[in-house]
file data38.cif (mmCIF, C-alpha atoms)
data_target
#
loop_
_atom_site.label_atom_id
_atom_site.label_comp_id
_atom_site.auth_asym_id
_atom_site.auth_seq_id
_atom_site.Cartn_x
_atom_site.Cartn_y
_atom_site.Cartn_z
CA MET A 974 122.70 133.10 63.64
CA ASP A 975 122.90 132.22 59.93
CA MET A 976 126.15 130.35 60.54
CA LEU A 977 124.70 128.30 63.43
CA PRO A 978 125.75 124.62 63.06
CA VAL A 979 122.26 123.19 63.35
CA GLY A 980 123.22 119.62 62.52
CA PRO A 981 125.98 119.21 65.13
CA LEU A 982 123.92 120.98 67.77
CA PHE A 983 120.96 118.68 67.12
CA ALA A 984 123.29 115.67 67.38
CA VAL A 985 124.62 116.95 70.72
CA LEU A 986 121.03 117.43 71.93
CA VAL A 987 120.19 113.80 71.08
CA VAL A 988 123.32 112.56 72.84
CA LEU A 989 122.51 114.57 75.97
CA ILE A 990 118.99 113.12 76.10
CA LEU A 991 120.38 109.60 75.69
CA TRP A 992 122.91 110.12 78.46
CA SER A 993 120.22 111.53 80.74
CA ALA A 994 118.11 108.46 79.95
CA LEU A 995 121.01 106.22 80.96
CA PHE A 996 121.53 108.08 84.25
CA THR A 997 117.81 107.89 85.04
CA ALA A 998 117.68 104.18 84.19
CA ILE A 999 120.64 103.42 86.47
CA GLU A 1000 119.09 105.28 89.39
CA ALA A 1001 115.72 103.58 88.83
CA ALA A 1002 117.40 100.15 88.57
CA GLN A 1003 119.17 100.70 91.87
CA GLN A 1004 115.94 101.68 93.61
CA HIS A 1005 114.17 98.67 92.13
CA LEU A 1006 116.88 96.29 93.34
CA LEU A 1007 116.80 97.82 96.82
CA ALA A 1008 113.05 97.21 96.96
CA GLN A 1009 113.63 93.63 95.81
CA ARG A 1010 116.22 93.08 98.54
CA LYS A 1011 113.50 93.23 101.19
CA ALA A 1012 111.80 90.21 99.74
CA SER A 1013 114.94 88.33 98.69
CA ARG A 1014 115.74 85.00 100.28
CA ALA A 1015 119.18 84.20 101.61
CA SER A 1016 119.65 81.54 98.94
CA ASP A 1017 119.08 84.02 96.10
CA LYS A 1018 121.94 85.39 94.03
CA PRO A 1019 123.40 88.54 95.63
CA LEU A 1020 121.89 91.69 94.18
CA ALA A 1021 124.06 94.07 92.15
CA LYS A 1022 124.91 97.52 93.46
CA LEU A 1023 126.42 100.78 92.23
CA SER A 1024 130.20 100.92 91.98
CA PHE A 1025 130.25 104.73 92.19
CA PRO A 1026 128.67 107.40 94.43
CA ARG A 1027 125.03 108.20 93.74
CA ASP A 1028 125.70 111.95 94.19
CA SER A 1029 127.85 111.93 91.04
CA LEU A 1030 125.05 110.24 89.11
CA ILE A 1031 122.55 112.92 90.15
CA LEU A 1032 125.01 115.70 89.26
CA CYS A 1033 125.63 114.36 85.74
CA ASN A 1034 121.93 113.78 85.09
CA THR A 1035 121.11 117.34 86.14
CA LEU A 1036 123.86 118.81 83.95
CA CYS A 1037 122.74 116.78 80.92
CA ARG A 1038 119.15 117.96 81.26
CA ALA A 1039 120.17 121.59 81.76
CA LEU A 1040 122.41 121.54 78.68
CA ALA A 1041 119.67 119.82 76.66
CA VAL A 1042 117.24 122.63 77.54
CA VAL A 1043 119.81 125.31 76.60
CA ILE A 1044 120.67 123.72 73.23
CA GLY A 1045 117.01 123.04 72.49
CA THR A 1046 116.19 126.69 73.15
CA VAL A 1047 119.00 127.89 70.85
CA LEU A 1048 117.82 125.61 68.04
CA ALA A 1049 114.19 126.64 68.48
CA ILE A 1050 115.01 130.36 68.38
CA PHE A 1051 117.10 129.84 65.24
CA THR A 1052 114.20 128.02 63.53
CA TRP A 1053 111.07 129.78 64.83
CA LEU A 1054 112.48 133.16 65.97
CA GLN A 1055 110.13 134.84 68.48
CA HIS A 1056 108.10 131.64 68.93
CA GLY A 1057 111.26 129.70 69.69
CA PRO A 1058 111.15 129.81 73.53
CA TRP A 1059 107.64 128.34 73.62
CA VAL A 1060 108.53 125.62 71.14
CA ALA A 1061 111.74 124.87 73.05
CA TRP A 1062 109.88 124.62 76.35
CA LEU A 1063 107.26 122.24 74.94
CA GLY A 1064 109.66 120.22 72.80
CA THR A 1065 112.47 119.70 75.30
CA SER A 1066 110.06 119.03 78.17
CA ALA A 1067 108.23 116.37 76.15
CA ALA A 1068 111.47 114.78 74.92
CA LEU A 1069 113.01 114.66 78.40
CA LEU A 1070 109.85 113.28 80.01
CA VAL A 1071 109.36 110.55 77.42
CA PHE A 1072 112.90 109.57 76.45
CA ALA A 1073 114.86 110.52 79.60
CA ASP A 1074 112.35 109.66 82.32
CA TYR A 1075 109.33 107.44 81.63
CA LEU A 1076 110.94 105.15 79.05
CA PRO A 1077 114.23 104.48 80.93
CA ARG A 1078 112.40 103.92 84.23
CA THR A 1079 110.15 101.33 82.59
CA LEU A 1080 113.14 99.63 81.00
CA ALA A 1081 115.09 99.66 84.29
CA THR A 1082 112.31 97.93 86.24
CA ARG A 1083 112.20 95.15 83.63
CA HIS A 1084 115.97 94.58 83.40
CA PRO A 1085 117.53 96.16 86.53
CA ASP A 1086 120.61 93.90 86.70
CA ALA A 1087 121.55 94.50 83.07
CA VAL A 1088 121.07 98.28 83.38
CA LEU A 1089 123.12 98.47 86.56
CA ALA A 1090 125.88 96.31 85.05
CA LEU A 1091 126.00 98.58 81.99
CA GLY A 1092 126.19 101.67 84.17
CA ASN A 1093 129.00 100.25 86.31
CA ALA A 1094 130.96 99.28 83.20
CA LEU A 1095 130.57 102.64 81.41
CA LEU A 1096 130.49 105.12 84.26
CA GLY A 1097 132.37 103.54 87.17
CA VAL A 1098 135.65 105.42 86.74
CA PRO A 1099 134.34 108.78 85.36
CA LEU A 1100 131.73 109.23 88.09
CA LYS A 1101 134.26 108.40 90.79
CA LEU A 1102 136.47 111.17 89.41
CA LEU A 1103 133.52 113.60 89.44
CA TYR A 1104 132.64 112.81 93.05
CA PRO A 1105 134.67 115.72 94.55
CA PHE A 1106 132.48 118.20 92.63
CA ALA A 1107 129.31 116.40 93.71
CA TRP A 1108 130.58 116.32 97.28
CA LEU A 1109 131.29 120.07 97.16
CA LEU A 1110 127.79 120.89 95.90
CA ASN A 1111 126.25 118.57 98.49
CA GLY A 1112 128.30 120.30 101.18
CA ILE A 1113 127.03 123.70 100.03
CA SER A 1114 123.43 122.48 100.26
CA GLN A 1115 124.07 121.12 103.75
CA LEU A 1116 125.58 124.47 104.72
CA LEU A 1117 122.49 126.33 103.46
CA LEU A 1118 120.25 124.00 105.48
CA ARG A 1119 122.29 124.39 108.64
CA PRO A 1120 120.26 127.35 110.03
CA PHE A 1121 117.16 125.15 109.93
CA ALA A 1122 118.77 122.21 111.75
CA ARG A 1123 118.24 121.47 115.43
CA GLN A 1124 120.58 123.60 117.50
CA ALA A 1125 121.86 123.01 121.00
CA SER A 1126 123.04 125.72 123.35
CA VAL A 1127 126.73 125.30 124.18
CA VAL A 1128 128.47 126.79 127.19
CA GLN A 1129 131.94 126.38 128.64
CA GLN A 1130 131.81 124.38 131.84
CA ASN A 1131 132.60 126.37 134.97
CA ASP A 1132 134.43 124.45 137.67
CA ASP A 1133 132.03 125.80 140.30
CA GLU A 1134 128.90 124.97 138.33
CA MET A 1135 126.99 122.03 139.69
CA PRO A 1136 123.55 120.64 138.91
CA THR A 1137 120.63 121.41 141.15
CA PRO A 1138 120.04 118.22 143.16
CA ALA A 1139 116.33 118.86 143.51
CA ARG A 1140 115.34 116.04 141.19
CA ASN A 1141 116.18 112.37 141.12
CA ASP A 1142 117.65 111.60 137.69
CA HIS A 1143 116.68 108.00 138.01
CA GLU A 1144 112.99 108.78 137.96
CA PRO A 1145 110.79 109.46 134.92
CA GLU A 1146 110.15 113.06 133.95
CA HIS A 1147 106.39 112.96 134.31
CA SER A 1148 105.13 113.52 137.83
CA GLY A 1149 102.51 110.88 137.33
CA GLY A 1150 105.14 108.13 137.37
CA ARG A 1151 105.92 106.02 134.33
CA PRO A 1152 104.70 107.44 130.97
CA HIS A 1153 101.67 105.81 129.47
CA PRO A 1154 103.05 102.69 127.73
CA VAL A 1155 102.43 102.01 124.05
CA SER A 1156 101.77 98.44 123.05
CA GLY A 1157 105.11 96.79 122.27
CA ILE A 1158 103.95 95.17 119.04
CA HIS A 1159 102.27 98.31 117.68
CA ALA A 1160 105.29 100.45 118.63
CA LEU A 1161 107.42 98.33 116.31
CA ASP A 1162 105.73 99.97 113.30
CA ASN A 1163 107.46 103.25 114.20
CA ILE A 1164 110.88 101.69 114.84
CA THR A 1165 113.22 100.52 112.10
CA VAL A 1166 116.07 98.05 112.09
CA ASN A 1167 118.50 100.99 111.97
CA ASP A 1168 117.26 102.11 115.41
CA ILE A 1169 118.35 98.97 117.25
CA LEU A 1170 121.17 97.47 115.18
CA VAL A 1171 124.56 96.60 116.67
CA PRO A 1172 127.01 98.96 114.86
CA ARG A 1173 129.62 97.32 112.67
CA SER A 1174 132.38 98.69 114.92
CA GLU A 1175 131.00 96.55 117.77
CA VAL A 1176 130.26 93.42 115.73
CA ASP A 1177 132.35 90.39 116.65
CA GLY A 1178 133.05 88.28 113.57
CA ILE A 1179 135.44 85.72 112.09
CA ASN A 1180 138.05 87.02 109.65
CA LEU A 1181 139.00 84.13 107.36
CA ASP A 1182 142.32 85.85 106.62
CA ASP A 1183 143.44 85.34 110.24
CA PRO A 1184 145.52 82.28 111.16
CA ILE A 1185 143.41 79.30 112.19
CA GLY A 1186 145.03 79.33 115.63
CA ASP A 1187 143.81 82.88 116.28
CA ILE A 1188 140.33 81.94 115.06
CA ILE A 1189 140.22 78.96 117.44
CA GLU A 1190 141.24 81.15 120.38
CA GLN A 1191 138.63 83.75 119.42
CA LEU A 1192 135.90 81.10 119.27
CA ARG A 1193 136.92 79.71 122.66
CA LEU A 1194 136.43 83.11 124.28
CA ASN A 1195 133.25 83.96 122.37
CA ARG A 1196 129.85 83.28 123.89
CA ARG A 1197 127.67 84.07 120.89
CA THR A 1198 126.01 81.29 118.91
CA ARG A 1199 126.11 83.08 115.54
CA LEU A 1200 128.94 85.11 114.08
CA PRO A 1201 129.42 86.72 110.63
CA VAL A 1202 132.29 85.29 108.59
CA PHE A 1203 134.14 87.59 106.20
CA HIS A 1204 137.39 88.28 104.36
CA SER A 1205 139.39 91.23 105.72
CA ASP A 1206 136.37 93.52 106.12
CA ILE A 1207 132.80 92.94 107.24
CA ASN A 1208 131.58 94.36 103.92
CA GLN A 1209 133.00 91.17 102.40
CA VAL A 1210 130.77 88.97 104.56
CA GLU A 1211 130.42 85.51 103.05
CA ALA A 1212 128.48 83.50 105.62
CA VAL A 1213 127.16 83.24 109.17
CA LEU A 1214 128.73 80.67 111.48
CA ASN A 1215 126.73 78.54 113.92
CA THR A 1216 129.31 78.10 116.69
CA ARG A 1217 127.41 75.19 118.28
CA GLN A 1218 128.34 72.95 115.37
CA ILE A 1219 132.10 73.36 115.83
CA ARG A 1220 132.47 73.61 119.63
CA HIS A 1221 133.60 69.97 119.87
CA LEU A 1222 136.52 70.82 117.57
CA LEU A 1223 137.78 73.63 119.81
CA LYS A 1224 138.81 71.48 122.77
CA ASP A 1225 141.66 69.74 120.92
CA ALA A 1226 142.23 72.61 118.41
CA SER A 1227 141.33 70.31 115.50
CA LEU A 1228 139.21 72.92 113.77
CA THR A 1229 140.10 73.57 110.14
CA GLN A 1230 138.93 76.29 107.81
CA GLU A 1231 137.03 73.68 105.78
CA ALA A 1232 135.18 72.47 108.88
CA LEU A 1233 134.43 76.07 109.85
CA LEU A 1234 132.93 76.85 106.43
CA ALA A 1235 130.91 73.63 106.54
CA ALA A 1236 129.16 74.92 109.69
CA CYS A 1237 128.22 78.18 107.97
CA HIS A 1238 125.12 79.21 106.04
CA GLU A 1239 124.42 82.01 103.58
CA PRO A 1240 124.13 85.52 105.08
CA TYR A 1241 120.73 87.16 105.30
CA PHE A 1242 120.67 90.88 104.39
CA VAL A 1243 118.20 93.35 105.87
CA PRO A 1244 117.58 96.94 104.62
CA GLU A 1245 118.16 99.52 107.34
CA SER A 1246 114.68 101.06 106.86
CA THR A 1247 112.76 97.82 107.53
CA PRO A 1248 110.19 98.26 110.34
CA LEU A 1249 110.79 95.94 113.29
CA GLN A 1250 107.32 94.38 113.05
CA LEU A 1251 108.00 93.40 109.42
CA GLN A 1252 111.49 92.15 110.28
CA LEU A 1253 110.07 90.00 113.06
CA LEU A 1254 107.82 88.32 110.49
CA ASN A 1255 110.72 88.01 108.03
CA PHE A 1256 112.87 86.27 110.62
CA HIS A 1257 110.04 83.78 111.10
CA LYS A 1258 109.57 83.23 107.35
CA GLN A 1259 113.27 82.87 106.64
CA GLN A 1260 113.91 80.78 109.77
CA ARG A 1261 116.74 83.12 110.68
CA ARG A 1262 117.92 84.69 113.91
CA LEU A 1263 120.59 87.11 112.61
CA GLY A 1264 120.56 89.58 109.71
CA MET A 1265 123.25 91.79 108.21
CA VAL A 1266 121.89 95.35 108.05
CA VAL A 1267 122.83 97.23 104.85
CA ASP A 1268 122.25 100.76 103.57
CA GLU A 1269 121.03 101.82 100.13
CA TYR A 1270 124.51 101.26 98.66
CA GLY A 1271 124.78 97.73 100.05
CA GLU A 1272 127.33 98.71 102.70
CA VAL A 1273 127.08 96.74 105.94
CA LEU A 1274 126.02 98.97 108.85
CA GLY A 1275 125.84 96.28 111.53
CA ILE A 1276 123.73 93.31 112.58
CA VAL A 1277 120.28 92.77 114.04
CA THR A 1278 119.12 89.64 115.81
CA LEU A 1279 115.81 88.15 116.76
CA GLU A 1280 116.77 88.63 120.41
CA ASP A 1281 117.24 92.38 119.81
CA ILE A 1282 113.68 92.70 118.51
CA LEU A 1283 112.22 90.60 121.33
CA GLU A 1284 114.11 92.70 123.85
CA GLU A 1285 112.59 95.83 122.29
CA ILE A 1286 109.11 94.34 122.75
CA VAL A 1287 109.75 93.25 126.33
CA GLY A 1288 111.19 96.66 127.17
CA GLU A 1289 107.80 98.27 126.47
CA PHE A 1290 106.20 96.19 129.24
CA GLU A 1291 108.78 96.73 131.98
CA SER A 1292 107.03 97.67 135.21
CA GLU A 1293 109.56 100.37 136.11
CA HIS A 1294 112.71 101.99 134.86
CA SER A 1295 115.94 100.51 136.12
CA LEU A 1296 119.60 101.31 135.73
CA ASP A 1297 120.51 97.96 134.18
CA ASN A 1298 122.33 99.59 131.26
CA PRO A 1299 126.04 98.67 131.35
CA HIS A 1300 126.89 101.99 129.68
CA VAL A 1301 125.43 104.01 132.59
CA HIS A 1302 127.49 104.61 135.76
CA PRO A 1303 125.73 106.56 138.57
CA GLN A 1304 127.87 109.10 140.43
CA PRO A 1305 127.67 110.04 144.13
CA ASP A 1306 126.37 113.55 143.32
CA GLY A 1307 123.39 112.14 141.38
CA ARG A 1308 124.81 112.69 137.91
CA LEU A 1309 125.37 109.85 135.47
CA LEU A 1310 128.62 108.99 133.70
CA ILE A 1311 127.59 107.46 130.35
CA ASP A 1312 129.66 105.87 127.62
CA GLY A 1313 129.54 107.66 124.28
CA ALA A 1314 128.57 104.40 122.54
CA ALA A 1315 125.35 104.13 124.56
CA SER A 1316 122.16 103.90 122.50
CA ILE A 1317 119.90 106.93 122.90
CA ARG A 1318 116.78 104.75 122.67
CA GLU A 1319 118.10 102.50 125.42
CA LEU A 1320 118.92 105.50 127.61
CA ASN A 1321 115.44 106.93 127.13
CA ARG A 1322 113.88 103.59 128.02
CA THR A 1323 115.95 102.73 131.08
CA LEU A 1324 116.08 106.26 132.52
CA GLY A 1325 112.69 107.57 131.44
CA TRP A 1326 114.36 110.38 129.52
CA HIS A 1327 113.37 112.03 126.26
CA LEU A 1328 116.62 112.73 124.45
CA PRO A 1329 116.04 113.28 120.70
CA CYS A 1330 116.57 110.02 118.79
CA GLU A 1331 115.28 110.89 115.30
CA GLY A 1332 118.79 111.38 113.91
CA PRO A 1333 121.91 110.02 115.65
CA LYS A 1334 121.55 106.66 117.37
CA THR A 1335 124.26 106.99 120.02
CA LEU A 1336 125.14 109.59 122.63
CA ASN A 1337 128.40 110.29 120.78
CA GLY A 1338 126.46 110.97 117.57
CA LEU A 1339 124.02 113.27 119.39
CA VAL A 1340 126.84 115.34 120.90
CA THR A 1341 128.85 115.66 117.67
CA GLU A 1342 125.72 116.60 115.69
CA ALA A 1343 124.73 119.23 118.25
CA LEU A 1344 128.22 120.77 118.36
CA GLU A 1345 128.82 120.20 114.62
CA THR A 1346 132.40 119.25 115.46
CA ILE A 1347 134.34 116.69 117.46
CA PRO A 1348 134.47 118.32 120.92
CA GLU A 1349 137.39 118.62 123.27
CA SER A 1350 136.84 118.15 126.98
CA PRO A 1351 135.72 119.88 129.07
CA VAL A 1352 132.77 121.26 127.11
CA CYS A 1353 129.22 121.45 128.41
CA LEU A 1354 126.11 121.70 126.26
CA LYS A 1355 122.40 121.75 126.88
CA ILE A 1356 119.97 119.70 124.81
CA GLY A 1357 116.40 120.29 125.84
CA ARG A 1358 116.24 119.83 129.61
CA TYR A 1359 119.50 117.89 129.82
CA ARG A 1360 123.03 119.01 130.59
CA LEU A 1361 125.88 117.07 128.99
CA GLU A 1362 129.52 117.54 129.93
CA ILE A 1363 132.13 115.88 127.70
CA ILE A 1364 134.61 114.15 129.99
CA GLU A 1365 136.77 112.28 127.52
CA THR A 1366 137.30 112.11 123.74
CA VAL A 1367 139.25 109.19 122.26
CA ASP A 1368 140.04 108.48 118.59
CA ASN A 1369 137.76 111.27 117.31
CA ARG A 1370 134.85 109.89 119.35
CA VAL A 1371 133.21 111.08 122.54
CA SER A 1372 133.92 108.21 124.92
CA GLN A 1373 132.51 109.51 128.24
CA VAL A 1374 129.81 112.06 128.97
CA LEU A 1375 128.54 113.30 132.33
CA VAL A 1376 124.78 113.81 132.03
CA TRP A 1377 122.13 115.13 134.37
CA HIS A 1378 118.56 116.27 134.06
CA ASN A 1379 118.20 119.90 135.05
CA SER A 1380 114.74 121.38 135.54
CA SER A 1381 116.13 124.72 136.66
CA VAL A 1382 119.17 126.84 135.95
CA PRO A 1383 121.99 125.81 138.32
CA ALA A 1384 123.41 128.48 140.55
CA VAL A 1385 126.86 129.73 139.68
CA SER A 1386 128.96 130.98 142.54
#
call {"tool": "encode", "arguments": {"input": "data38.cif", "output": "structure tokens"}}
result
Amino acid sequence: MDMLPVGPLFAVLVVLILWSALFTAIEAAQQHLLAQRKASRASDKPLAKLSFPRDSLILCNTLCRALAVVIGTVLAIFTWLQHGPWVAWLGTSAALLVFADYLPRTLATRHPDAVLALGNALLGVPLKLLYPFAWLLNGISQLLLRPFARQASVVQQNDDEMPTPARNDHEPEHSGGRPHPVSGIHALDNITVNDILVPRSEVDGINLDDPIGDIIEQLRLNRRTRLPVFHSDINQVEAVLNTRQIRHLLKDASLTQEALLAACHEPYFVPESTPLQLQLLNFHKQQRRLGMVVDEYGEVLGIVTLEDILEEIVGEFESEHSLDNPHVHPQPDGRLLIDGAASIRELNRTLGWHLPCEGPKTLNGLVTEALETIPESPVCLKIGRYRLEIIETVDNRVSQVLVWHNSSVPAVS
């Protein structure tokens, strides 16, 4: 202990606290900018975002703080002997709270863009390289939580097994008819934009990198009035096109890329966690009808329109459930053949069902989460009071599912 290099160790301790302060400031700046995005106007300058995974940032911050505590304890024991642990606990805790938490968070809320730019410049490449370790630790935590996740019973489908046709699947579950309706407007407080968005895989948009002839043909076949315009990928969205302003140029194929861009306006970004009631008001304030839905990293998840929200409100006041969902195909035996891309909320509303919709948004997502793998047909599983048989899997996605409501165990011959 007499040969302990106190000076270098103290310098390392200071550096670790400073690095932890930087990591904390970057995370706080990102959260502050995400909160600002909700109130940002479409004409504002695009907000900055992290250029590296957030998991790596959390890993490095945790390691810096742990090492700071260890080095602080070693220095305190060397200086104060038996009183060292208490001094180390008080000293390192106070230093980390003041210099690595409160101070950087305050600084980040005052200058979030500068802090995030500094973090991207200094840490972009190193934290990307560390991501595999962060991903591994995150996977271990998910594995430990797996026993507490919702489980579904899975059975292999028997060819002779058929559903009991004692109940009409088209009717609501409650014997008293339609469930007691909740007011459409008030129900919007409990529904977020992420619940009703059109997924990015189903978004029809204009790729400016395509030949102008292909764009003209696409616009001729399209029936939507507003389309996102992007370069190569929808994450590079640059504008939203009002197709009404260029329809007269489609007849004689005189549309140019300059004329197309002239009919565009700035995109309007919407956080995925925005409640629908608030988004309805935001559409009115911003005089917009379409928003690009983004996650906490600024990645585009899909789009939401004013019509989607209004349809959600109107759906609460429908007099009866009807099979007007294009993803649902009734079968002669009373079962329903449903596309994997069908929205769970829409299925619950049109069929009067109660499939869980807190996590996955589509039937494909519900099945893959329940099985914890991409299933091969034929596989049958039971979720609550519903039987689901996977009919077809295409491109790592469940494309068709045979579903029926089963109030009793079907007889097996």
call {"tool": "closest_residue", "arguments": {"input": "data38.cif", "among": "A:Leu991, A:Val1267, A:Val1047, A:Leu1006", "to": "A:Asn1167", "atoms": "only C-alpha atoms"}}
result
A:Val1267
call {"tool": "residues_near_point", "arguments": {"input": "data38.cif", "point": "(111.0, 110.9, 79.6)", "cutoff": "10 Å", "atoms": "all atoms listed in the file", "output": "list in words"}}
result
Ile990, Ser993, Ala994, Thr997, Thr1065, Ser1066, Ala1067, Ala1068, Leu1069, Leu1070, Val1071, Phe1072, Ala1073, Asp1074, Tyr1075, Leu1076, Pro1077 and Arg1078 of chain A
call {"tool": "residues_around", "arguments": {"input": "data38.cif", "residues": "A:Leu1249", "least_positions_apart": "4", "cutoff": "12 Å", "atoms": "all atoms listed in the file", "output": "PyMOL selection string"}}
result
chain A and resi 1157-1170+1243-1245+1253-1256+1277-1286
call {"tool": "write_last_selection", "arguments": {"input": "data38.cif", "atoms": "C-alpha atoms", "output": "compact mmCIF listing (two decimals), in the coordinates of the input"}}
result
# COMPACT_ATOMS: atom_id res chain seq x y z
CA GLY A 1157 105.11 96.79 122.27
CA ILE A 1158 103.95 95.17 119.04
CA HIS A 1159 102.27 98.31 117.68
CA ALA A 1160 105.29 100.45 118.63
CA LEU A 1161 107.42 98.33 116.31
CA ASP A 1162 105.73 99.97 113.30
CA ASN A 1163 107.46 103.25 114.20
CA ILE A 1164 110.88 101.69 114.84
CA THR A 1165 113.22 100.52 112.10
CA VAL A 1166 116.07 98.05 112.09
CA ASN A 1167 118.50 100.99 111.97
CA ASP A 1168 117.26 102.11 115.41
CA ILE A 1169 118.35 98.97 117.25
CA LEU A 1170 121.17 97.47 115.18
CA VAL A 1243 118.20 93.35 105.87
CA PRO A 1244 117.58 96.94 104.62
CA GLU A 1245 118.16 99.52 107.34
CA LEU A 1253 110.07 90.00 113.06
CA LEU A 1254 107.82 88.32 110.49
CA ASN A 1255 110.72 88.01 108.03
CA PHE A 1256 112.87 86.27 110.62
CA VAL A 1277 120.28 92.77 114.04
CA THR A 1278 119.12 89.64 115.81
CA LEU A 1279 115.81 88.15 116.76
CA GLU A 1280 116.77 88.63 120.41
CA ASP A 1281 117.24 92.38 119.81
CA ILE A 1282 113.68 92.70 118.51
CA LEU A 1283 112.22 90.60 121.33
CA GLU A 1284 114.11 92.70 123.85
CA GLU A 1285 112.59 95.83 122.29
CA ILE A 1286 109.11 94.34 122.75
call {"tool": "atom_distance", "arguments": {"input": "data38.cif", "atom1": "atom CA of A:Gly1178", "atom2": "atom CA of A:Ser1205"}}
result
10.5 Å
call {"tool": "resolve_selection", "arguments": {"input": "data38.cif", "expression": "the PyMOL selection byres ((chain A and resi 1037-1045) around 6)", "output": "short mmCIF file (atom, residue, chain, number, x, y, z; two decimals) with C-alpha atoms, keeping the file's coordinate frame"}}
result
data_model
loop_
_atom_site.label_atom_id
_atom_site.label_comp_id
_atom_site.auth_asym_id
_atom_site.auth_seq_id
_atom_site.Cartn_x
_atom_site.Cartn_y
_atom_site.Cartn_z
CA LEU A 986 121.03 117.43 71.93
CA LEU A 989 122.51 114.57 75.97
CA SER A 993 120.22 111.53 80.74
CA ASN A 1034 121.93 113.78 85.09
CA THR A 1035 121.11 117.34 86.14
CA LEU A 1036 123.86 118.81 83.95
CA THR A 1046 116.19 126.69 73.15
CA VAL A 1047 119.00 127.89 70.85
CA LEU A 1048 117.82 125.61 68.04
CA ALA A 1061 111.74 124.87 73.05
#
call {"tool": "residues_around", "arguments": {"input": "data38.cif", "residues": "stretch 1300-1304 of chain A", "least_positions_apart": "4", "cutoff": "9 Å", "atoms": "all atoms listed in the file", "output": "compact mmCIF listing (two decimals) with C-alpha atoms, keeping the file's coordinate frame"}}
result
# COMPACT_ATOMS: atom_id res chain seq x y z
CA LEU A 1296 119.60 101.31 135.73
CA ARG A 1308 124.81 112.69 137.91
CA LEU A 1309 125.37 109.85 135.47
CA LEU A 1310 128.62 108.99 133.70
CA ILE A 1311 127.59 107.46 130.35
CA ASP A 1312 129.66 105.87 127.62
CA GLY A 1313 129.54 107.66 124.28
CA ALA A 1314 128.57 104.40 122.54
CA ALA A 1315 125.35 104.13 124.56
CA SER A 1316 122.16 103.90 122.50
CA LEU A 1320 118.92 105.50 127.61
call {"tool": "closest_residue", "arguments": {"input": "data38.cif", "among": "A:Pro1248, A:Gly1271, A:Pro1026, A:Gly1186", "to": "A:Gly1097", "atoms": "only C-alpha atoms"}}
result
A:Pro1026
call {"tool": "closest_residue", "arguments": {"input": "data38.cif", "among": "A:Leu1089, A:Val1171, A:Leu1344, A:Ala1232", "to": "A:Met1265", "atoms": "all atoms listed in the file"}}
result
A:Val1171
call {"tool": "closest_residue", "arguments": {"input": "data38.cif", "among": "A:Glu1000, A:Asp1368, A:Asp1028, A:Glu1342", "to": "A:Asp1086", "atoms": "all atoms listed in the file"}}
result
A:Glu1000
call {"tool": "atom_distance", "arguments": {"input": "data38.cif", "atom1": "atom CA of A:Glu1349", "atom2": "atom CA of A:Ile1317"}}
result
21.0 Å
call {"tool": "atom_distance", "arguments": {"input": "data38.cif", "atom1": "atom CA of A:Leu1102", "atom2": "atom CA of A:Phe996"}}
result
16.1 Å
call {"tool": "resolve_selection", "arguments": {"input": "data38.cif", "expression": "the PyMOL selection byres ((chain A and resi 1273) around 10)", "output": "list in words"}}
result
Pro1172, Arg1173, Asp1206, Ile1207, Asn1208, Gln1209, Val1210, Phe1242, Val1243, Pro1244, Glu1245, Met1265, Val1266, Val1267, Asp1268, Glu1269, Tyr1270, Gly1271, Glu1272, Leu1274, Gly1275 and Ile1276 of chain A
call {"tool": "closest_residue", "arguments": {"input": "data38.cif", "among": "A:Arg1196, A:Lys1334, A:Lys1224, A:Lys1101", "to": "A:Cys1033", "atoms": "all atoms listed in the file"}}
result
A:Lys1101
call {"tool": "resolve_selection", "arguments": {"input": "data38.cif", "expression": "the PyMOL selection byres ((chain A and resi 1181) around 10)", "output": "ChimeraX atom specification"}}
result
/A:1178-1180,1182-1185,1188,1202-1206,1210-1211,1230,1233-1234
